[in-house]
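Asks: Just so it is clear, I am handing over query_8.cif, which has mmCIF, C-alpha atoms.
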data_entry
#
loop_
_atom_site.label_atom_id
_atom_site.label_comp_id
_atom_site.auth_asym_id
_atom_site.auth_seq_id
_atom_site.Cartn_x
_atom_site.Cartn_y
_atom_site.Cartn_z
CA MET A 1285 0.00 0.00 0.00
CA HIS A 1286 1.26 3.45 -0.86
CA PHE A 1287 0.69 6.35 1.46
CA HIS A 1288 0.73 9.98 0.36
CA SER A 1289 1.33 13.11 2.35
CA PHE A 1290 0.54 16.47 0.91
CA CYS A 1291 2.63 19.59 0.91
CA PHE A 1292 0.50 22.58 1.81
CA CYS A 1293 2.52 25.75 1.51
CA SER A 1294 0.57 27.18 4.42
CA ALA A 1295 -2.95 25.87 4.40
CA ARG A 1296 -5.22 25.91 7.39
CA VAL A 1297 -7.03 22.68 8.22
CA ALA A 1298 -8.43 21.55 4.89
CA HIS A 1299 -11.72 19.78 4.18
CA MET A 1300 -12.78 17.85 1.10
CA THR A 1301 -16.02 18.86 -0.63
CA PRO A 1302 -18.37 16.19 -2.00
CA HIS A 1303 -16.84 16.86 -5.43
CA GLY A 1304 -13.32 16.11 -4.21
CA HIS A 1305 -12.12 19.72 -4.08
CA MET A 1306 -10.05 21.05 -1.22
CA GLN A 1307 -11.65 23.79 0.89
CA ILE A 1308 -9.48 25.92 3.15
CA PRO A 1309 -11.33 27.64 5.99
CA PRO A 1310 -10.69 31.36 6.48
CA LYS A 1311 -7.70 32.10 8.64
CA THR A 1312 -8.28 33.34 12.16
CA VAL A 1313 -5.53 35.19 13.96
CA ASN A 1314 -5.27 35.31 17.71
CA MET A 1315 -3.70 38.65 18.43
CA GLY A 1316 -3.46 37.90 22.13
CA LEU A 1317 0.15 36.88 21.63
CA SER A 1318 1.74 34.38 23.96
CA PRO A 1319 5.13 35.13 25.57
CA PHE A 1320 6.79 33.45 22.60
CA GLN A 1321 5.05 35.94 20.29
CA GLN A 1322 5.83 39.23 22.01
CA GLU A 1323 8.33 40.39 19.38
CA SER A 1324 6.90 43.10 17.12
CA ALA A 1325 5.04 41.38 14.29
CA VAL A 1326 3.97 42.34 10.81
CA SER A 1327 0.33 42.37 9.79
CA VAL A 1328 -1.01 39.07 8.52
CA SER A 1329 -2.21 38.62 4.96
CA PRO A 1330 -4.52 35.84 3.74
CA LEU A 1331 -2.82 32.47 3.54
CA PRO A 1332 -1.69 31.31 0.09
CA SER A 1333 -3.36 28.55 -1.86
CA PRO A 1334 -2.26 24.99 -1.06
CA VAL A 1335 0.20 23.17 -3.29
CA SER A 1336 0.10 19.38 -3.38
CA CYS A 1337 3.46 17.59 -3.19
CA PRO A 1338 2.71 13.88 -2.81
CA LEU A 1339 5.49 11.57 -1.68
CA GLU A 1340 5.13 7.84 -1.23
CA GLY A 1341 8.11 7.20 1.01
CA ALA A 1342 8.03 10.20 3.32
CA SER A 1343 5.49 12.18 5.27
CA ASN A 1344 5.33 15.69 6.68
CA PHE A 1345 6.84 17.01 3.44
CA ARG A 1346 5.81 20.55 2.55
CA ASP A 1347 6.92 23.89 1.15
CA ILE A 1348 7.40 26.41 3.97
CA GLY A 1349 6.90 29.40 1.64
CA GLY A 1350 3.95 31.64 0.94
CA TYR A 1351 3.59 33.30 4.34
CA ALA A 1352 3.52 37.08 4.67
CA ALA A 1353 6.98 38.30 5.65
CA GLY A 1354 7.68 41.98 6.24
CA SER A 1355 6.35 43.93 3.28
CA GLY A 1356 6.35 40.85 1.04
CA SER A 1357 6.23 37.10 1.51
CA PHE A 1358 8.48 34.11 2.01
CA ARG A 1359 9.26 32.74 -1.44
CA LYS A 1360 7.61 29.50 -2.47
CA GLY A 1361 9.68 26.71 -3.96
CA ARG A 1362 12.86 27.55 -2.06
CA VAL A 1363 12.74 25.70 1.26
CA TYR A 1364 10.94 22.47 2.09
CA ARG A 1365 10.63 20.43 5.26
CA SER A 1366 10.11 16.69 5.72
CA ASP A 1367 10.59 13.64 7.85
CA HIS A 1368 13.56 11.42 6.93
CA LEU A 1369 14.30 10.68 3.28
CA ALA A 1370 15.59 7.11 3.49
CA ASN A 1371 12.54 5.38 2.03
CA LEU A 1372 11.82 7.48 -1.04
CA SER A 1373 10.44 5.76 -4.11
CA SER A 1374 11.70 6.36 -7.63
CA GLN A 1375 8.64 8.54 -8.17
CA ASP A 1376 9.53 10.53 -5.04
CA LEU A 1377 13.02 11.10 -6.38
CA ASP A 1378 11.55 12.35 -9.62
CA THR A 1379 9.35 14.73 -7.63
CA LEU A 1380 12.29 16.15 -5.68
CA GLN A 1381 14.22 16.69 -8.91
CA GLU A 1382 11.24 18.35 -10.54
CA LEU A 1383 11.11 20.73 -7.56
CA GLY A 1384 14.81 21.46 -8.08
CA ILE A 1385 15.78 20.24 -4.61
CA ALA A 1386 19.52 19.54 -4.66
CA CYS A 1387 20.48 19.98 -0.99
CA SER A 1388 19.29 18.49 2.29
CA LEU A 1389 20.03 19.59 5.85
CA ASP A 1390 19.85 16.51 8.07
CA PHE A 1391 19.43 17.10 11.82
CA ARG A 1392 19.45 13.42 12.73
CA GLY A 1393 21.93 11.93 15.18
CA ALA A 1394 24.68 9.53 14.16
CA HIS A 1395 22.74 6.39 15.07
CA GLU A 1396 19.64 7.64 13.24
CA ARG A 1397 21.63 8.26 10.07
CA LYS A 1398 23.29 4.84 10.34
CA ARG A 1399 19.95 3.11 10.86
CA SER A 1400 18.24 4.88 7.94
CA PRO A 1401 20.89 6.12 5.50
CA TYR A 1402 20.23 7.61 2.10
CA GLN A 1403 22.34 8.73 -0.82
CA TYR A 1404 20.92 10.15 -4.02
CA SER A 1405 23.07 11.31 -6.91
CA PHE A 1406 21.28 14.66 -7.30
CA LEU A 1407 21.12 15.49 -3.58
CA THR A 1408 23.97 16.85 -1.46
CA SER A 1409 23.30 16.09 2.20
CA HIS A 1410 24.76 18.13 5.05
CA ALA A 1411 24.74 16.59 8.53
CA LEU A 1412 23.76 19.18 11.15
CA THR A 1413 23.74 16.77 14.04
CA VAL A 1414 21.37 17.34 16.94
CA GLU A 1415 21.42 14.10 18.87
CA PRO A 1416 17.91 13.07 19.90
CA THR A 1417 16.96 13.19 23.57
CA VAL A 1418 13.30 12.21 23.47
CA LEU A 1419 14.00 8.48 23.04
CA PRO A 1420 16.65 8.22 25.79
CA ASP A 1421 14.42 10.18 28.15
CA PHE A 1422 11.46 8.03 27.14
CA LEU A 1423 13.39 4.82 27.89
CA ASP A 1424 14.41 6.29 31.22
CA MET A 1425 10.76 6.99 31.98
CA LEU A 1426 9.91 3.39 31.11
CA ALA A 1427 12.63 2.06 33.42
CA LYS A 1428 11.32 4.17 36.28
CA GLY A 1429 7.69 3.39 35.56
CA GLU A 1430 6.95 7.08 35.09
CA VAL A 1431 5.36 7.05 31.66
CA ASP A 1432 2.50 9.47 32.13
CA VAL A 1433 1.25 12.70 30.59
CA LYS A 1434 3.19 14.92 32.97
CA ALA A 1435 6.46 13.10 32.29
CA ALA A 1436 5.86 13.18 28.54
CA HIS A 1437 5.29 16.94 28.60
CA GLY A 1438 8.43 17.35 30.69
CA THR A 1439 10.49 15.35 28.21
CA MET A 1440 9.29 17.39 25.25
CA ASN A 1441 9.80 20.74 26.98
CA LYS A 1442 13.30 19.69 28.07
CA THR A 1443 14.12 18.81 24.46
CA TYR A 1444 13.01 22.21 23.16
CA SER A 1445 14.83 24.08 25.89
CA GLU A 1446 18.03 22.21 25.00
CA PHE A 1447 17.69 23.24 21.36
CA VAL A 1448 18.53 26.71 22.66
CA THR A 1449 20.97 25.96 25.47
CA ALA A 1450 22.93 23.08 23.89
CA HIS A 1451 22.50 23.27 20.12
CA ALA A 1452 22.36 26.93 19.12
CA ALA A 1453 25.61 26.68 17.15
CA THR A 1454 24.18 23.86 15.05
CA PHE A 1455 21.01 25.77 14.31
CA GLY A 1456 23.21 28.72 13.40
CA ARG A 1457 24.77 26.54 10.70
CA VAL A 1458 21.34 26.31 9.09
CA PHE A 1459 21.68 29.95 8.13
CA ASP A 1460 25.18 29.33 6.78
CA GLN A 1461 23.75 26.70 4.46
CA LEU A 1462 20.77 28.84 3.49
CA LEU A 1463 23.10 31.65 2.47
CA ASP A 1464 25.57 29.33 0.68
CA THR A 1465 23.00 27.27 -1.23
CA HIS A 1466 21.64 28.49 -4.54
CA THR A 1467 19.13 25.71 -5.17
CA PRO A 1468 15.93 24.70 -3.34
CA LEU A 1469 16.67 22.65 -0.24
CA VAL A 1470 14.89 20.43 2.27
CA LEU A 1471 15.32 20.40 6.04
CA HIS A 1472 14.58 17.16 7.87
CA CYS A 1473 15.24 15.00 10.90
CA THR A 1474 13.58 11.64 11.62
CA ALA A 1475 9.98 12.76 12.07
CA GLY A 1476 10.44 16.29 10.74
CA LYS A 1477 8.64 17.71 13.73
CA ASP A 1478 10.92 18.86 16.58
CA ARG A 1479 14.45 19.64 15.35
CA THR A 1480 13.11 20.53 11.92
CA GLY A 1481 10.17 22.40 13.42
CA PHE A 1482 12.41 24.60 15.54
CA ALA A 1483 14.79 25.29 12.63
CA VAL A 1484 11.90 26.31 10.39
CA ALA A 1485 10.44 28.49 13.15
CA LEU A 1486 13.78 30.31 13.47
CA LEU A 1487 13.98 30.82 9.73
CA HIS A 1488 10.44 32.12 9.53
CA ARG A 1489 10.99 34.52 12.42
CA ALA A 1490 14.27 35.75 10.94
CA ALA A 1491 12.43 36.43 7.68
CA GLY A 1492 9.70 38.42 9.42
CA VAL A 1493 6.88 35.86 9.27
CA HIS A 1494 4.09 36.64 11.73
CA PRO A 1495 4.29 34.56 14.94
CA ASP A 1496 0.80 33.16 14.36
CA ASP A 1497 1.91 31.81 10.98
CA VAL A 1498 5.10 30.43 12.51
CA MET A 1499 3.00 28.48 14.98
CA HIS A 1500 0.55 27.45 12.26
CA ASP A 1501 3.28 25.94 10.09
CA TYR A 1502 4.75 24.16 13.11
CA LEU A 1503 1.39 22.60 14.04
CA LEU A 1504 0.75 21.31 10.51
CA THR A 1505 2.90 18.35 11.54
CA ASN A 1506 -0.10 16.99 13.43
CA GLN A 1507 -1.90 16.69 10.08
CA PHE A 1508 0.91 15.51 7.83
CA PHE A 1509 3.26 13.35 9.90
CA ARG A 1510 2.61 9.62 9.52
CA ARG A 1511 3.63 7.77 12.65
CA PRO A 1512 5.63 4.57 12.25
CA ASP A 1513 3.63 1.40 12.71
CA LEU A 1514 5.21 -0.02 15.84
CA PRO A 1515 4.22 -3.56 16.89
CA ASP A 1516 4.50 -2.92 20.61
CA ASN A 1517 3.78 0.31 22.46
CA ARG A 1518 4.67 -1.37 25.77
CA GLY A 1519 1.29 -0.56 27.26
CA ILE A 1520 1.79 3.19 26.87
CA SER A 1521 -1.44 5.13 26.62
CA ASP A 1522 -2.53 6.80 23.41
CA GLU A 1523 -2.56 10.09 25.29
CA VAL A 1524 1.14 9.82 26.07
CA LEU A 1525 1.97 8.66 22.54
CA ASP A 1526 0.08 11.63 21.12
CA ILE A 1527 2.36 13.92 23.11
CA LEU A 1528 5.58 12.18 22.10
CA TRP A 1529 4.66 11.74 18.41
CA GLY A 1530 2.93 15.09 17.97
CA VAL A 1531 3.62 18.77 18.42
CA GLN A 1532 1.92 21.25 20.73
CA PRO A 1533 2.17 25.04 21.03
CA GLU A 1534 3.68 24.60 24.47
CA PHE A 1535 6.77 22.91 23.06
CA LEU A 1536 7.73 25.65 20.62
CA GLU A 1537 6.82 28.32 23.16
CA THR A 1538 9.22 26.66 25.61
CA ALA A 1539 12.08 27.15 23.14
CA PHE A 1540 11.30 30.82 22.64
CA LYS A 1541 10.82 31.41 26.37
CA THR A 1542 14.25 29.85 26.86
CA ILE A 1543 15.65 32.26 24.27
CA ASP A 1544 14.18 35.20 26.19
CA LYS A 1545 15.55 33.83 29.46
CA THR A 1546 19.07 33.17 28.20
CA HIS A 1547 19.53 35.97 25.65
CA GLY A 1548 17.03 38.65 26.61
CA ASN A 1549 15.15 38.56 23.32
CA LEU A 1550 15.05 36.86 19.95
CA GLU A 1551 17.09 39.52 18.16
CA ASN A 1552 19.98 39.05 20.59
CA PHE A 1553 19.78 35.30 20.02
CA PHE A 1554 19.94 35.76 16.25
CA GLN A 1555 23.03 37.94 16.45
CA SER A 1556 24.99 36.41 19.33
CA ALA A 1557 24.09 32.70 19.20
CA LEU A 1558 23.22 32.16 15.54
CA LYS A 1559 25.76 34.71 14.22
CA LEU A 1560 23.08 36.25 12.04
CA SER A 1561 24.48 39.75 11.67
CA PRO A 1562 22.41 42.57 10.12
CA ALA A 1563 24.28 42.10 6.83
CA ARG A 1564 23.64 38.34 6.80
CA ARG A 1565 20.03 38.94 7.76
CA ALA A 1566 19.65 41.33 4.84
CA ALA A 1567 21.17 38.74 2.49
CA LEU A 1568 18.75 36.13 3.84
CA LEU A 1569 15.78 38.41 3.20
CA GLU A 1570 17.03 39.19 -0.30
CA ARG A 1571 17.24 35.51 -1.18
CA TYR A 1572 14.17 34.10 0.51
CA THR A 1573 11.57 36.86 0.55
CA ALA A 1574 9.96 38.86 -2.23
#
If you convert what's in this file into structure tokens, what do you get?
Replies:
Amino acid sequence: MHFHSFCFCSARVAHMTPHGHMQIPPKTVNMGLSPFQQESAVSVSPLPSPVSCPLEGASNFRDIGGYAAGSGSFRKGRVYRSDHLANLSSQDLDTLQELGIACSLDFRGAHERKRSPYQYSFLTSHALTVEPTVLPDFLDMLAKGEVDVKAAHGTMNKTYSEFVTAHAATFGRVFDQLLDTHTPLVLHCTAGKDRTGFAVALLHRAAGVHPDDVMHDYLLTNQFFRRPDLPDNRGISDEVLDILWGVQPEFLETAFKTIDKTHGNLENFFQSALKLSPARRAALLERYTA
């Protein structure tokens, strides 16, 4: 059986009409910004139309472009996000080549890459290693018999906090690659939800995308990620698995709260931790916004 995920540049929750057409509900914007959203934000324009990008061997694959950014928008067809790329079909490879994708940024850890390697002649892969912590913490919870909702939330929030405190230099390298790469590229980890989600959120914020749209793109994972079919969940409740396999606003907010706590504000984090100087920021905007 073949499964397909769809790449929605920035669609809200979509519904199928009786005639098989996709309907996108009007966008609603919550202007009561959370602590993560307290940076000054641009006004929000209507979301762009969805673009379908079916892949058989990967899920959570989508174009991150089309969002309002400053006085323009984030360019479509330049940056994509996905879960891992090890199981792509020949048709999937044709799709990536048709999209012009010639570079991948792989956030997986060493064991993850060894377990699910890939090498495609048209794709240059750059390892930006962020070793996973959710699985080790999860196994520790199992050993202690502490697998519950509270522990699962704690594990996820710890992971997102450590993206800032332990891995900022690696996420800074994302911007090096974005500025050095002249072809469309795809960012991914194993599930394409946490490490990839944070990297995309940073890129969107650096480009001036409204915080509501940053959160919206992040949460699309809950629609487009296809969980692996595991034979044994070790008696873990669906509620806990939903936390560990999904994304929630709280997780991304934890990362940005950690930025505020450790660096004062997001702009300081961009310049001091990610080495995104005003000149580099301007070059980023020139290349990825229009």
Asks: Quick one: distance from atom CA of His1437 of chain A to atom CA of Pro1420 of chain A in Å, one decimal?
Replies: 14.6 Å
Asks: Fewer than 5 positions away in the same chain doesn't count, so skip those; otherwise give me all residues within 8 Å of Ala1370 of chain A, counting only C-alpha atoms, as a PDB file with C-alpha atoms, in the coordinates of the input.
Replies:
ATOM      1  CA  GLY A1341       8.110   7.200   1.010  1.00  0.00           C
ATOM      2  CA  SER A1400      18.240   4.880   7.940  1.00  0.00           C
ATOM      3  CA  PRO A1401      20.890   6.120   5.500  1.00  0.00           C
ATOM      4  CA  TYR A1402      20.230   7.610   2.100  1.00  0.00           C
TER       5      TYR A1402
END
Asks: Could you check the closest approach to Phe1553 of chain A for each of A:Ile1520, A:Leu1504, A:Leu1471, A:Ala1452 and tell me which residue wins, using all atoms listed in the file?
Replies: A:Ala1452
Asks: Anything within 12 Å of (12.1, 33.8, 2.8): list those residues as an MDAnalysis selection string, counting all atoms listed in the file and sticking to the file's coordinates.
Replies: chainID A and resid 1347:1364 1459 1462:1463 1468 1484:1493 1565:1574
Asks: Find the distance between atom CA of Asn1441 of chain A and atom CA of Val1418 of chain A and write it in Å to one decimal.
Replies: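 We find that atom CA of Asn1441 of chain A and atom CA of Val1418 of chain A lie 9.9 Å from each other.
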Asks: Using Å and a single decimal, report how far atom CA of Ala1539 of chain A sits from atom CA of Val1448 of chain A.
Replies: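 Straight-line distance from atom CA of Val1448 of chain A to atom CA of Ala1539 of chain A works out to 6.5 Å.
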Asks: Please evaluate the PyMOL selection byres ((chain A and resi 1379-1386) around 8) against the structure above and give the resulting residues as JSON, numbers by chain.
Replies: {"A": [1337, 1339, 1361, 1375, 1376, 1377, 1378, 1387, 1388, 1406, 1407, 1408, 1467, 1468, 1469, 1470]}
Asks: Assuming the input is short of atoms at segment 1416-1452 of chain A, produce N, CA and C atoms for that part as a tab-separated table (two decimals), in the frame of the given file.
Replies:
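Produced file selection.tsv, reproduced below:
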chain	number	residue	atom	x	y	z
A	1416	PRO	N	19.24	13.09	19.31
A	1416	PRO	CA	17.91	13.07	19.90
A	1416	PRO	C	17.96	12.80	21.40
A	1417	THR	N	17.05	13.43	22.13
A	1417	THR	CA	16.96	13.19	23.57
A	1417	THR	C	15.62	12.60	23.98
A	1418	VAL	N	14.62	12.70	23.10
A	1418	VAL	CA	13.30	12.21	23.47
A	1418	VAL	C	13.34	10.71	23.74
A	1419	LEU	N	13.97	9.93	22.85
A	1419	LEU	CA	14.00	8.48	23.04
A	1419	LEU	C	14.76	8.08	24.29
A	1420	PRO	N	15.98	8.59	24.54
A	1420	PRO	CA	16.65	8.22	25.79
A	1420	PRO	C	15.84	8.59	27.03
A	1421	ASP	N	15.24	9.77	27.01
A	1421	ASP	CA	14.42	10.18	28.15
A	1421	ASP	C	13.19	9.28	28.28
A	1422	PHE	N	12.62	8.90	27.14
A	1422	PHE	CA	11.46	8.03	27.14
A	1422	PHE	C	11.82	6.66	27.74
A	1423	LEU	N	12.96	6.10	27.35
A	1423	LEU	CA	13.39	4.82	27.89
A	1423	LEU	C	13.67	4.92	29.38
A	1424	ASP	N	14.19	6.07	29.79
A	1424	ASP	CA	14.41	6.29	31.22
A	1424	ASP	C	13.09	6.33	31.97
A	1425	MET	N	12.08	6.97	31.37
A	1425	MET	CA	10.76	6.99	31.98
A	1425	MET	C	10.20	5.58	32.11
A	1426	LEU	N	10.39	4.77	31.07
A	1426	LEU	CA	9.91	3.39	31.11
A	1426	LEU	C	10.57	2.61	32.26
A	1427	ALA	N	11.89	2.79	32.39
A	1427	ALA	CA	12.63	2.06	33.42
A	1427	ALA	C	12.15	2.44	34.82
A	1428	LYS	N	11.77	3.69	34.97
A	1428	LYS	CA	11.32	4.17	36.28
A	1428	LYS	C	9.82	4.00	36.49
A	1429	GLY	N	9.13	3.53	35.45
A	1429	GLY	CA	7.69	3.39	35.56
A	1429	GLY	C	6.96	4.72	35.66
A	1430	GLU	N	7.51	5.73	34.98
A	1430	GLU	CA	6.95	7.08	35.09
A	1430	GLU	C	6.39	7.56	33.76
A	1431	VAL	N	5.87	6.66	32.96
A	1431	VAL	CA	5.36	7.05	31.66
A	1431	VAL	C	3.93	7.56	31.82
A	1432	ASP	N	3.81	8.85	32.01
A	1432	ASP	CA	2.50	9.47	32.13
A	1432	ASP	C	2.51	10.79	31.39
A	1433	VAL	N	1.38	11.46	31.36
A	1433	VAL	CA	1.25	12.70	30.59
A	1433	VAL	C	2.21	13.77	31.10
A	1434	LYS	N	2.31	13.90	32.41
A	1434	LYS	CA	3.19	14.92	32.97
A	1434	LYS	C	4.65	14.68	32.58
A	1435	ALA	N	5.09	13.42	32.65
A	1435	ALA	CA	6.46	13.10	32.29
A	1435	ALA	C	6.71	13.32	30.80
A	1436	ALA	N	5.72	12.98	29.98
A	1436	ALA	CA	5.86	13.18	28.54
A	1436	ALA	C	6.00	14.65	28.20
A	1437	HIS	N	5.17	15.50	28.81
A	1437	HIS	CA	5.29	16.94	28.60
A	1437	HIS	C	6.66	17.43	29.06
A	1438	GLY	N	7.12	16.93	30.19
A	1438	GLY	CA	8.43	17.35	30.69
A	1438	GLY	C	9.55	16.98	29.75
A	1439	THR	N	9.47	15.79	29.18
A	1439	THR	CA	10.49	15.35	28.21
A	1439	THR	C	10.52	16.24	26.99
A	1440	MET	N	9.34	16.56	26.45
A	1440	MET	CA	9.29	17.39	25.25
A	1440	MET	C	9.77	18.81	25.54
A	1441	ASN	N	9.37	19.37	26.65
A	1441	ASN	CA	9.80	20.74	26.98
A	1441	ASN	C	11.30	20.79	27.23
A	1442	LYS	N	11.85	19.76	27.86
A	1442	LYS	CA	13.30	19.69	28.07
A	1442	LYS	C	14.03	19.67	26.72
A	1443	THR	N	13.51	18.89	25.79
A	1443	THR	CA	14.12	18.81	24.46
A	1443	THR	C	14.17	20.17	23.79
A	1444	TYR	N	13.06	20.91	23.83
A	1444	TYR	CA	13.01	22.21	23.16
A	1444	TYR	C	13.87	23.25	23.87
A	1445	SER	N	13.94	23.17	25.17
A	1445	SER	CA	14.83	24.08	25.89
A	1445	SER	C	16.29	23.83	25.51
A	1446	GLU	N	16.65	22.56	25.35
A	1446	GLU	CA	18.03	22.21	25.00
A	1446	GLU	C	18.38	22.58	23.57
A	1447	PHE	N	17.39	22.71	22.69
A	1447	PHE	CA	17.69	23.24	21.36
A	1447	PHE	C	18.39	24.59	21.48
A	1448	VAL	N	17.99	25.36	22.46
A	1448	VAL	CA	18.53	26.71	22.66
A	1448	VAL	C	19.83	26.67	23.46
A	1449	THR	N	19.82	25.92	24.56
A	1449	THR	CA	20.97	25.96	25.47
A	1449	THR	C	22.13	25.09	25.03
A	1450	ALA	N	21.87	24.03	24.25
A	1450	ALA	CA	22.93	23.08	23.89
A	1450	ALA	C	23.24	23.02	22.40
A	1451	HIS	N	22.33	23.51	21.55
A	1451	HIS	CA	22.50	23.27	20.12
A	1451	HIS	C	22.38	24.54	19.27
A	1452	ALA	N	22.51	25.69	19.88
A	1452	ALA	CA	22.36	26.93	19.12
A	1452	ALA	C	23.35	27.02	17.97
